[in-house]
Amino acid sequence: MLHDPDRWRHLHVHWHAYVEISTGAPLEEVSTRDARLSRSPVAVLSSPVAVCEWMASMTGEHAHPVTVHLLGSADDEGRNVGRIGDDRHIEHDRRENLAVLSRGHSLHAHFRRRDDRMRLWAEAVSADECWEAHHE
């Protein structure tokens, strides 16, 4: 099956963006899609590229820059370490996210901040699921 980069258009979806702050406790309850969709989104995003830009911006601004070892991914100097929220991390996520979003799917990301965790949700919604009219 060929990848259709415009499948999201054929499905008539857009994305509602949500932000949640959590403690990161192992048994912490995470919101459900239905609960999120019952709230007003922090942003309404009309394309996969817009979702990727929002995710990249939020990650770059809020992620705690912890050094991590990267599996199978060395930079130009042969190093296989990176930092959460750095340009390489954000660009890697952007490529991966664009493939998911172009199929019309929802997206979730979470990362540590200095004292807590941030969860980002981009819920793919169709006109049938969306109770609000959005104008581009």
# chains A, B, ... in the order shown; residues from 1 in each chain; ligands from 1
call {"tool": "select_by_dssp", "arguments": {"residues": "chain A", "states": "helix (DSSP H, G or I)", "output": "JSON, numbers by chain"}}
result
{"A": [7, 8, 9, 10, 33, 34, 35, 36, 37, 48, 49, 50, 51, 52, 53, 54, 55, 56, 57, 58, 59, 60, 61, 62, 87, 88, 89, 90, 91, 92, 93, 94, 95, 96, 97, 98, 99, 100, 101, 102]}
call {"tool": "write_last_selection", "arguments": {"atoms": "C-alpha atoms", "output": "compact mmCIF listing (two decimals), in the first residue's frame"}}
result
# COMPACT_ATOMS: atom_id res chain seq x y z
CA ARG A 7 -5.09 10.99 3.55
CA TRP A 8 -5.91 13.45 6.35
CA ARG A 9 -7.64 15.67 3.76
CA HIS A 10 -9.71 12.78 2.40
CA ARG A 33 -9.76 11.15 24.46
CA ASP A 34 -13.44 11.67 25.35
CA ALA A 35 -12.51 13.79 28.36
CA ARG A 36 -10.13 15.91 26.28
CA LEU A 37 -12.66 16.42 23.49
CA PRO A 48 -0.17 18.02 9.77
CA VAL A 49 2.51 20.68 9.31
CA ALA A 50 0.70 23.00 11.76
CA VAL A 51 0.56 20.19 14.34
CA CYS A 52 4.26 19.45 13.86
CA GLU A 53 5.13 23.12 14.32
CA TRP A 54 3.03 23.33 17.50
CA MET A 55 4.62 20.16 18.93
CA ALA A 56 8.12 21.35 18.01
CA SER A 57 7.54 24.77 19.54
CA MET A 58 6.13 23.34 22.78
CA THR A 59 8.92 20.75 23.06
CA GLY A 60 11.66 23.29 22.40
CA GLU A 61 10.21 25.75 24.89
CA HIS A 62 9.29 23.37 27.73
CA ASP A 87 17.27 20.66 17.39
CA ARG A 88 18.14 17.04 16.46
CA HIS A 89 15.47 15.66 18.79
CA ILE A 90 12.83 18.06 17.51
CA GLU A 91 13.71 17.42 13.86
CA HIS A 92 13.57 13.63 14.37
CA ASP A 93 10.15 13.93 16.02
CA ARG A 94 8.94 16.27 13.28
CA ARG A 95 9.70 13.67 10.57
CA GLU A 96 8.08 10.84 12.56
CA ASN A 97 5.06 12.96 13.53
CA LEU A 98 4.41 14.16 9.99
CA ALA A 99 4.09 10.57 8.77
CA VAL A 100 1.55 9.76 11.51
CA LEU A 101 -0.44 12.96 11.08
CA SER A 102 -0.63 12.75 7.30
call {"tool": "residues_around", "arguments": {"residues": "Trp121 in chain A", "least_positions_apart": "2", "cutoff": "8 Å", "atoms": "only C-alpha atoms", "output": "list in words"}}
result
His16, Ala17, Tyr18, Val19, Ser106, Leu107, His108, Ala109, Arg119 and Glu123 of chain A
call {"tool": "closest_residue", "arguments": {"among": "A:Glu28, A:Leu11, A:Ser47, A:Asp4", "to": "Ala122 in chain A", "atoms": "only C-alpha atoms"}}
result
A:Ser47
call {"tool": "select_by_dssp", "arguments": {"residues": "chain A", "states": "strand (DSSP E or B)", "output": "JSON, numbers by chain"}}
result
{"A": [13, 14, 15, 16, 17, 18, 19, 20, 21, 22, 43, 44, 45, 67, 68, 69, 81, 82, 83, 107, 108, 109, 110, 111, 112, 117, 118, 119, 120, 121, 122, 123, 124, 125, 126]}
call {"tool": "write_last_selection", "arguments": {"atoms": "N, CA and C atoms", "output": "tab-separated table (two decimals), in the first residue's frame"}}
result
chain	number	residue	atom	x	y	z
A	13	VAL	N	-10.19	15.70	8.43
A	13	VAL	CA	-9.84	15.89	9.84
A	13	VAL	C	-9.06	17.18	10.04
A	14	HIS	N	-9.14	17.66	11.25
A	14	HIS	CA	-8.28	18.70	11.76
A	14	HIS	C	-7.92	18.25	13.18
A	15	TRP	N	-7.12	19.00	13.89
A	15	TRP	CA	-6.63	18.55	15.19
A	15	TRP	C	-6.94	19.57	16.28
A	16	HIS	N	-7.38	19.05	17.43
A	16	HIS	CA	-7.57	19.86	18.63
A	16	HIS	C	-6.37	19.58	19.53
A	17	ALA	N	-5.69	20.64	19.95
A	17	ALA	CA	-4.49	20.51	20.76
A	17	ALA	C	-4.80	20.73	22.23
A	18	TYR	N	-4.21	19.90	23.06
A	18	TYR	CA	-4.40	19.97	24.52
A	18	TYR	C	-3.06	19.86	25.21
A	19	VAL	N	-2.95	20.52	26.35
A	19	VAL	CA	-1.75	20.45	27.18
A	19	VAL	C	-2.18	20.03	28.57
A	20	GLU	N	-1.46	19.07	29.13
A	20	GLU	CA	-1.70	18.65	30.50
A	20	GLU	C	-0.38	18.62	31.24
A	21	ILE	N	-0.40	19.07	32.48
A	21	ILE	CA	0.77	19.02	33.34
A	21	ILE	C	0.53	17.91	34.35
A	22	SER	N	1.54	17.07	34.56
A	22	SER	CA	1.39	15.95	35.49
A	22	SER	C	2.60	15.84	36.39
A	43	ALA	N	-5.57	24.99	21.11
A	43	ALA	CA	-5.37	25.42	19.72
A	43	ALA	C	-6.13	24.47	18.81
A	44	VAL	N	-6.55	24.98	17.67
A	44	VAL	CA	-7.15	24.17	16.61
A	44	VAL	C	-6.19	24.26	15.43
A	45	LEU	N	-5.73	23.10	14.97
A	45	LEU	CA	-4.70	23.04	13.95
A	45	LEU	C	-5.25	22.38	12.69
A	67	THR	N	20.53	15.02	28.82
A	67	THR	CA	21.35	14.30	27.86
A	67	THR	C	20.93	12.84	27.82
A	68	VAL	N	20.76	12.30	26.60
A	68	VAL	CA	20.35	10.91	26.41
A	68	VAL	C	21.27	10.26	25.38
A	69	HIS	N	21.37	8.93	25.45
A	69	HIS	CA	22.11	8.17	24.45
A	69	HIS	C	21.14	7.80	23.34
A	81	VAL	N	25.00	10.87	21.35
A	81	VAL	CA	24.28	11.47	22.46
A	81	VAL	C	23.53	12.69	21.95
A	82	GLY	N	22.48	13.01	22.62
A	82	GLY	CA	21.70	14.20	22.29
A	82	GLY	C	21.05	14.73	23.55
A	83	ARG	N	20.28	15.76	23.39
A	83	ARG	CA	19.57	16.36	24.52
A	83	ARG	C	18.09	16.41	24.18
A	107	LEU	N	-1.98	12.40	17.81
A	107	LEU	CA	-0.59	12.34	18.22
A	107	LEU	C	-0.49	12.71	19.70
A	108	HIS	N	0.43	12.06	20.40
A	108	HIS	CA	0.65	12.32	21.81
A	108	HIS	C	2.15	12.38	22.06
A	109	ALA	N	2.57	13.32	22.87
A	109	ALA	CA	3.97	13.40	23.28
A	109	ALA	C	4.00	13.77	24.75
A	110	HIS	N	5.03	13.32	25.44
A	110	HIS	CA	5.20	13.76	26.82
A	110	HIS	C	6.68	13.79	27.14
A	111	PHE	N	7.04	14.69	28.03
A	111	PHE	CA	8.44	14.86	28.38
A	111	PHE	C	8.54	15.52	29.74
A	112	ARG	N	9.74	15.38	30.32
A	112	ARG	CA	10.02	16.01	31.60
A	112	ARG	C	10.22	17.50	31.41
A	117	ARG	N	5.96	16.97	34.52
A	117	ARG	CA	5.92	16.45	33.15
A	117	ARG	C	4.85	17.20	32.36
A	118	MET	N	5.05	17.31	31.07
A	118	MET	CA	4.07	17.93	30.19
A	118	MET	C	3.61	16.88	29.19
A	119	ARG	N	2.30	16.81	29.00
A	119	ARG	CA	1.72	15.93	27.99
A	119	ARG	C	1.09	16.83	26.92
A	120	LEU	N	1.39	16.52	25.67
A	120	LEU	CA	0.82	17.24	24.54
A	120	LEU	C	-0.04	16.26	23.76
A	121	TRP	N	-1.24	16.67	23.44
A	121	TRP	CA	-2.17	15.85	22.68
A	121	TRP	C	-2.63	16.64	21.47
A	122	ALA	N	-2.62	16.01	20.32
A	122	ALA	CA	-3.22	16.58	19.12
A	122	ALA	C	-4.23	15.53	18.65
A	123	GLU	N	-5.48	15.76	18.99
A	123	GLU	CA	-6.54	14.79	18.69
A	123	GLU	C	-7.11	15.07	17.31
A	124	ALA	N	-7.01	14.08	16.42
A	124	ALA	CA	-7.60	14.19	15.09
A	124	ALA	C	-9.11	14.08	15.23
A	125	VAL	N	-9.81	15.06	14.70
A	125	VAL	CA	-11.28	15.06	14.77
A	125	VAL	C	-11.86	15.33	13.39
A	126	SER	N	-12.96	14.67	13.14
A	126	SER	CA	-13.69	14.88	11.88
A	126	SER	C	-14.79	15.90	12.15
call {"tool": "atom_distance", "arguments": {"atom1": "CA of Ile84 in chain A", "atom2": "CA of Ser40 in chain A"}}
result
28.8 Å
call {"tool": "atom_distance", "arguments": {"atom1": "CA of Val66 in chain A", "atom2": "CA of Thr23 in chain A"}}
result
17.3 Å
call {"tool": "atom_distance", "arguments": {"atom1": "CA of Pro5 in chain A", "atom2": "CA of Asp86 in chain A"}}
result
26.6 Å
call {"tool": "decode", "arguments": {"residues": "chain A", "atoms": "C-alpha atoms", "output": "PDB file, in the first residue's frame"}}
result
ATOM      1  CA  MET A   1       0.000   0.000   0.000  1.00  0.00           C
ATOM      2  CA  LEU A   2       1.385   3.379  -0.970  1.00  0.00           C
ATOM      3  CA  HIS A   3       1.656   6.179   1.553  1.00  0.00           C
ATOM      4  CA  ASP A   4      -0.893   8.909   0.833  1.00  0.00           C
ATOM      5  CA  PRO A   5       0.401  12.194   2.310  1.00  0.00           C
ATOM      6  CA  ASP A   6      -3.063  13.724   1.858  1.00  0.00           C
ATOM      7  CA  ARG A   7      -5.086  10.992   3.546  1.00  0.00           C
ATOM      8  CA  TRP A   8      -5.912  13.448   6.351  1.00  0.00           C
ATOM      9  CA  ARG A   9      -7.644  15.667   3.763  1.00  0.00           C
ATOM     10  CA  HIS A  10      -9.714  12.782   2.403  1.00  0.00           C
ATOM     11  CA  LEU A  11     -10.772  11.970   5.977  1.00  0.00           C
ATOM     12  CA  HIS A  12     -11.719  15.640   6.559  1.00  0.00           C
ATOM     13  CA  VAL A  13      -9.844  15.891   9.840  1.00  0.00           C
ATOM     14  CA  HIS A  14      -8.280  18.701  11.764  1.00  0.00           C
ATOM     15  CA  TRP A  15      -6.630  18.552  15.192  1.00  0.00           C
ATOM     16  CA  HIS A  16      -7.572  19.858  18.631  1.00  0.00           C
ATOM     17  CA  ALA A  17      -4.486  20.512  20.761  1.00  0.00           C
ATOM     18  CA  TYR A  18      -4.404  19.966  24.516  1.00  0.00           C
ATOM     19  CA  VAL A  19      -1.746  20.453  27.180  1.00  0.00           C
ATOM     20  CA  GLU A  20      -1.703  18.648  30.505  1.00  0.00           C
ATOM     21  CA  ILE A  21       0.770  19.020  33.340  1.00  0.00           C
ATOM     22  CA  SER A  22       1.386  15.954  35.487  1.00  0.00           C
ATOM     23  CA  THR A  23       3.555  14.855  38.375  1.00  0.00           C
ATOM     24  CA  GLY A  24       4.747  11.811  36.465  1.00  0.00           C
ATOM     25  CA  ALA A  25       3.744   9.453  39.269  1.00  0.00           C
ATOM     26  CA  PRO A  26       3.669   5.830  38.020  1.00  0.00           C
ATOM     27  CA  LEU A  27      -0.031   5.307  38.801  1.00  0.00           C
ATOM     28  CA  GLU A  28      -1.168   8.779  37.830  1.00  0.00           C
ATOM     29  CA  GLU A  29      -4.406   8.795  35.864  1.00  0.00           C
ATOM     30  CA  VAL A  30      -4.140  10.111  32.322  1.00  0.00           C
ATOM     31  CA  SER A  31      -7.093  11.794  30.641  1.00  0.00           C
ATOM     32  CA  THR A  32      -9.053   9.962  27.981  1.00  0.00           C
ATOM     33  CA  ARG A  33      -9.755  11.148  24.458  1.00  0.00           C
ATOM     34  CA  ASP A  34     -13.438  11.671  25.346  1.00  0.00           C
ATOM     35  CA  ALA A  35     -12.508  13.791  28.357  1.00  0.00           C
ATOM     36  CA  ARG A  36     -10.131  15.907  26.281  1.00  0.00           C
ATOM     37  CA  LEU A  37     -12.655  16.418  23.485  1.00  0.00           C
ATOM     38  CA  SER A  38     -15.223  17.604  26.025  1.00  0.00           C
ATOM     39  CA  ARG A  39     -12.920  20.558  26.849  1.00  0.00           C
ATOM     40  CA  SER A  40     -11.995  23.539  24.718  1.00  0.00           C
ATOM     41  CA  PRO A  41      -8.661  22.954  22.987  1.00  0.00           C
ATOM     42  CA  VAL A  42      -5.712  25.304  23.503  1.00  0.00           C
ATOM     43  CA  ALA A  43      -5.374  25.420  19.722  1.00  0.00           C
ATOM     44  CA  VAL A  44      -7.147  24.169  16.608  1.00  0.00           C
ATOM     45  CA  LEU A  45      -4.696  23.038  13.948  1.00  0.00           C
ATOM     46  CA  SER A  46      -5.712  22.580  10.341  1.00  0.00           C
ATOM     47  CA  SER A  47      -2.827  20.571   8.848  1.00  0.00           C
ATOM     48  CA  PRO A  48      -0.172  18.021   9.770  1.00  0.00           C
ATOM     49  CA  VAL A  49       2.507  20.684   9.314  1.00  0.00           C
ATOM     50  CA  ALA A  50       0.699  22.997  11.763  1.00  0.00           C
ATOM     51  CA  VAL A  51       0.557  20.188  14.342  1.00  0.00           C
ATOM     52  CA  CYS A  52       4.258  19.450  13.858  1.00  0.00           C
ATOM     53  CA  GLU A  53       5.130  23.116  14.323  1.00  0.00           C
ATOM     54  CA  TRP A  54       3.031  23.328  17.502  1.00  0.00           C
ATOM     55  CA  MET A  55       4.615  20.159  18.929  1.00  0.00           C
ATOM     56  CA  ALA A  56       8.123  21.351  18.006  1.00  0.00           C
ATOM     57  CA  SER A  57       7.543  24.773  19.544  1.00  0.00           C
ATOM     58  CA  MET A  58       6.126  23.337  22.781  1.00  0.00           C
ATOM     59  CA  THR A  59       8.915  20.755  23.063  1.00  0.00           C
ATOM     60  CA  GLY A  60      11.664  23.295  22.397  1.00  0.00           C
ATOM     61  CA  GLU A  61      10.207  25.746  24.894  1.00  0.00           C
ATOM     62  CA  HIS A  62       9.295  23.372  27.726  1.00  0.00           C
ATOM     63  CA  ALA A  63      11.394  20.178  27.626  1.00  0.00           C
ATOM     64  CA  HIS A  64      14.042  19.825  30.315  1.00  0.00           C
ATOM     65  CA  PRO A  65      17.293  19.404  28.322  1.00  0.00           C
ATOM     66  CA  VAL A  66      18.488  16.038  29.676  1.00  0.00           C
ATOM     67  CA  THR A  67      21.352  14.300  27.857  1.00  0.00           C
ATOM     68  CA  VAL A  68      20.353  10.910  26.411  1.00  0.00           C
ATOM     69  CA  HIS A  69      22.109   8.169  24.446  1.00  0.00           C
ATOM     70  CA  LEU A  70      20.694   7.754  20.950  1.00  0.00           C
ATOM     71  CA  LEU A  71      20.433   4.276  19.495  1.00  0.00           C
ATOM     72  CA  GLY A  72      21.703   3.956  15.938  1.00  0.00           C
ATOM     73  CA  SER A  73      21.870   7.698  15.384  1.00  0.00           C
ATOM     74  CA  ALA A  74      25.225   9.456  15.359  1.00  0.00           C
ATOM     75  CA  ASP A  75      25.774  13.079  14.457  1.00  0.00           C
ATOM     76  CA  ASP A  76      28.335  14.292  11.891  1.00  0.00           C
ATOM     77  CA  GLU A  77      31.106  13.888  14.455  1.00  0.00           C
ATOM     78  CA  GLY A  78      30.170  10.296  15.348  1.00  0.00           C
ATOM     79  CA  ARG A  79      28.575  11.109  18.698  1.00  0.00           C
ATOM     80  CA  ASN A  80      25.494   9.179  19.710  1.00  0.00           C
ATOM     81  CA  VAL A  81      24.276  11.468  22.458  1.00  0.00           C
ATOM     82  CA  GLY A  82      21.698  14.200  22.292  1.00  0.00           C
ATOM     83  CA  ARG A  83      19.571  16.356  24.519  1.00  0.00           C
ATOM     84  CA  ILE A  84      15.822  16.156  24.947  1.00  0.00           C
ATOM     85  CA  GLY A  85      14.357  19.211  23.215  1.00  0.00           C
ATOM     86  CA  ASP A  86      17.446  20.035  21.142  1.00  0.00           C
ATOM     87  CA  ASP A  87      17.270  20.660  17.390  1.00  0.00           C
ATOM     88  CA  ARG A  88      18.137  17.038  16.463  1.00  0.00           C
ATOM     89  CA  HIS A  89      15.471  15.660  18.790  1.00  0.00           C
ATOM     90  CA  ILE A  90      12.830  18.060  17.513  1.00  0.00           C
ATOM     91  CA  GLU A  91      13.712  17.419  13.859  1.00  0.00           C
ATOM     92  CA  HIS A  92      13.575  13.634  14.374  1.00  0.00           C
ATOM     93  CA  ASP A  93      10.154  13.928  16.021  1.00  0.00           C
ATOM     94  CA  ARG A  94       8.935  16.275  13.281  1.00  0.00           C
ATOM     95  CA  ARG A  95       9.699  13.666  10.575  1.00  0.00           C
ATOM     96  CA  GLU A  96       8.083  10.844  12.558  1.00  0.00           C
ATOM     97  CA  ASN A  97       5.063  12.961  13.526  1.00  0.00           C
ATOM     98  CA  LEU A  98       4.411  14.160   9.986  1.00  0.00           C
ATOM     99  CA  ALA A  99       4.094  10.568   8.769  1.00  0.00           C
ATOM    100  CA  VAL A 100       1.551   9.758  11.515  1.00  0.00           C
ATOM    101  CA  LEU A 101      -0.441  12.958  11.084  1.00  0.00           C
ATOM    102  CA  SER A 102      -0.628  12.746   7.296  1.00  0.00           C
ATOM    103  CA  ARG A 103      -2.564   9.496   7.760  1.00  0.00           C
ATOM    104  CA  GLY A 104      -5.142  11.454   9.786  1.00  0.00           C
ATOM    105  CA  HIS A 105      -4.158  10.054  13.179  1.00  0.00           C
ATOM    106  CA  SER A 106      -3.938  11.682  16.591  1.00  0.00           C
ATOM    107  CA  LEU A 107      -0.586  12.339  18.223  1.00  0.00           C
ATOM    108  CA  HIS A 108       0.652  12.318  21.812  1.00  0.00           C
ATOM    109  CA  ALA A 109       3.970  13.398  23.278  1.00  0.00           C
ATOM    110  CA  HIS A 110       5.197  13.763  26.822  1.00  0.00           C
ATOM    111  CA  PHE A 111       8.441  14.864  28.378  1.00  0.00           C
ATOM    112  CA  ARG A 112      10.016  16.008  31.602  1.00  0.00           C
ATOM    113  CA  ARG A 113      10.125  19.630  32.530  1.00  0.00           C
ATOM    114  CA  ARG A 114      12.246  20.869  35.413  1.00  0.00           C
ATOM    115  CA  ASP A 115       9.779  19.898  38.186  1.00  0.00           C
ATOM    116  CA  ASP A 116       6.975  17.989  36.468  1.00  0.00           C
ATOM    117  CA  ARG A 117       5.916  16.455  33.149  1.00  0.00           C
ATOM    118  CA  MET A 118       4.068  17.931  30.192  1.00  0.00           C
ATOM    119  CA  ARG A 119       1.721  15.934  27.986  1.00  0.00           C
ATOM    120  CA  LEU A 120       0.816  17.240  24.538  1.00  0.00           C
ATOM    121  CA  TRP A 121      -2.170  15.846  22.685  1.00  0.00           C
ATOM    122  CA  ALA A 122      -3.224  16.580  19.117  1.00  0.00           C
ATOM    123  CA  GLU A 123      -6.539  14.795  18.691  1.00  0.00           C
ATOM    124  CA  ALA A 124      -7.601  14.186  15.089  1.00  0.00           C
ATOM    125  CA  VAL A 125     -11.275  15.062  14.774  1.00  0.00           C
ATOM    126  CA  SER A 126     -13.688  14.885  11.884  1.00  0.00           C
ATOM    127  CA  ALA A 127     -16.555  17.271  11.250  1.00  0.00           C
ATOM    128  CA  ASP A 128     -18.892  14.688  12.829  1.00  0.00           C
ATOM    129  CA  GLU A 129     -16.875  14.685  16.066  1.00  0.00           C
ATOM    130  CA  CYS A 130     -16.307  18.431  16.277  1.00  0.00           C
ATOM    131  CA  TRP A 131     -19.013  20.440  18.016  1.00  0.00           C
ATOM    132  CA  GLU A 132     -17.537  23.760  16.964  1.00  0.00           C
ATOM    133  CA  ALA A 133     -17.162  25.385  13.556  1.00  0.00           C
ATOM    134  CA  HIS A 134     -13.586  26.415  12.814  1.00  0.00           C
ATOM    135  CA  HIS A 135     -12.588  28.846  10.147  1.00  0.00           C
ATOM    136  CA  GLU A 136      -9.219  28.765   8.429  1.00  0.00           C
TER     137      GLU A 136
END
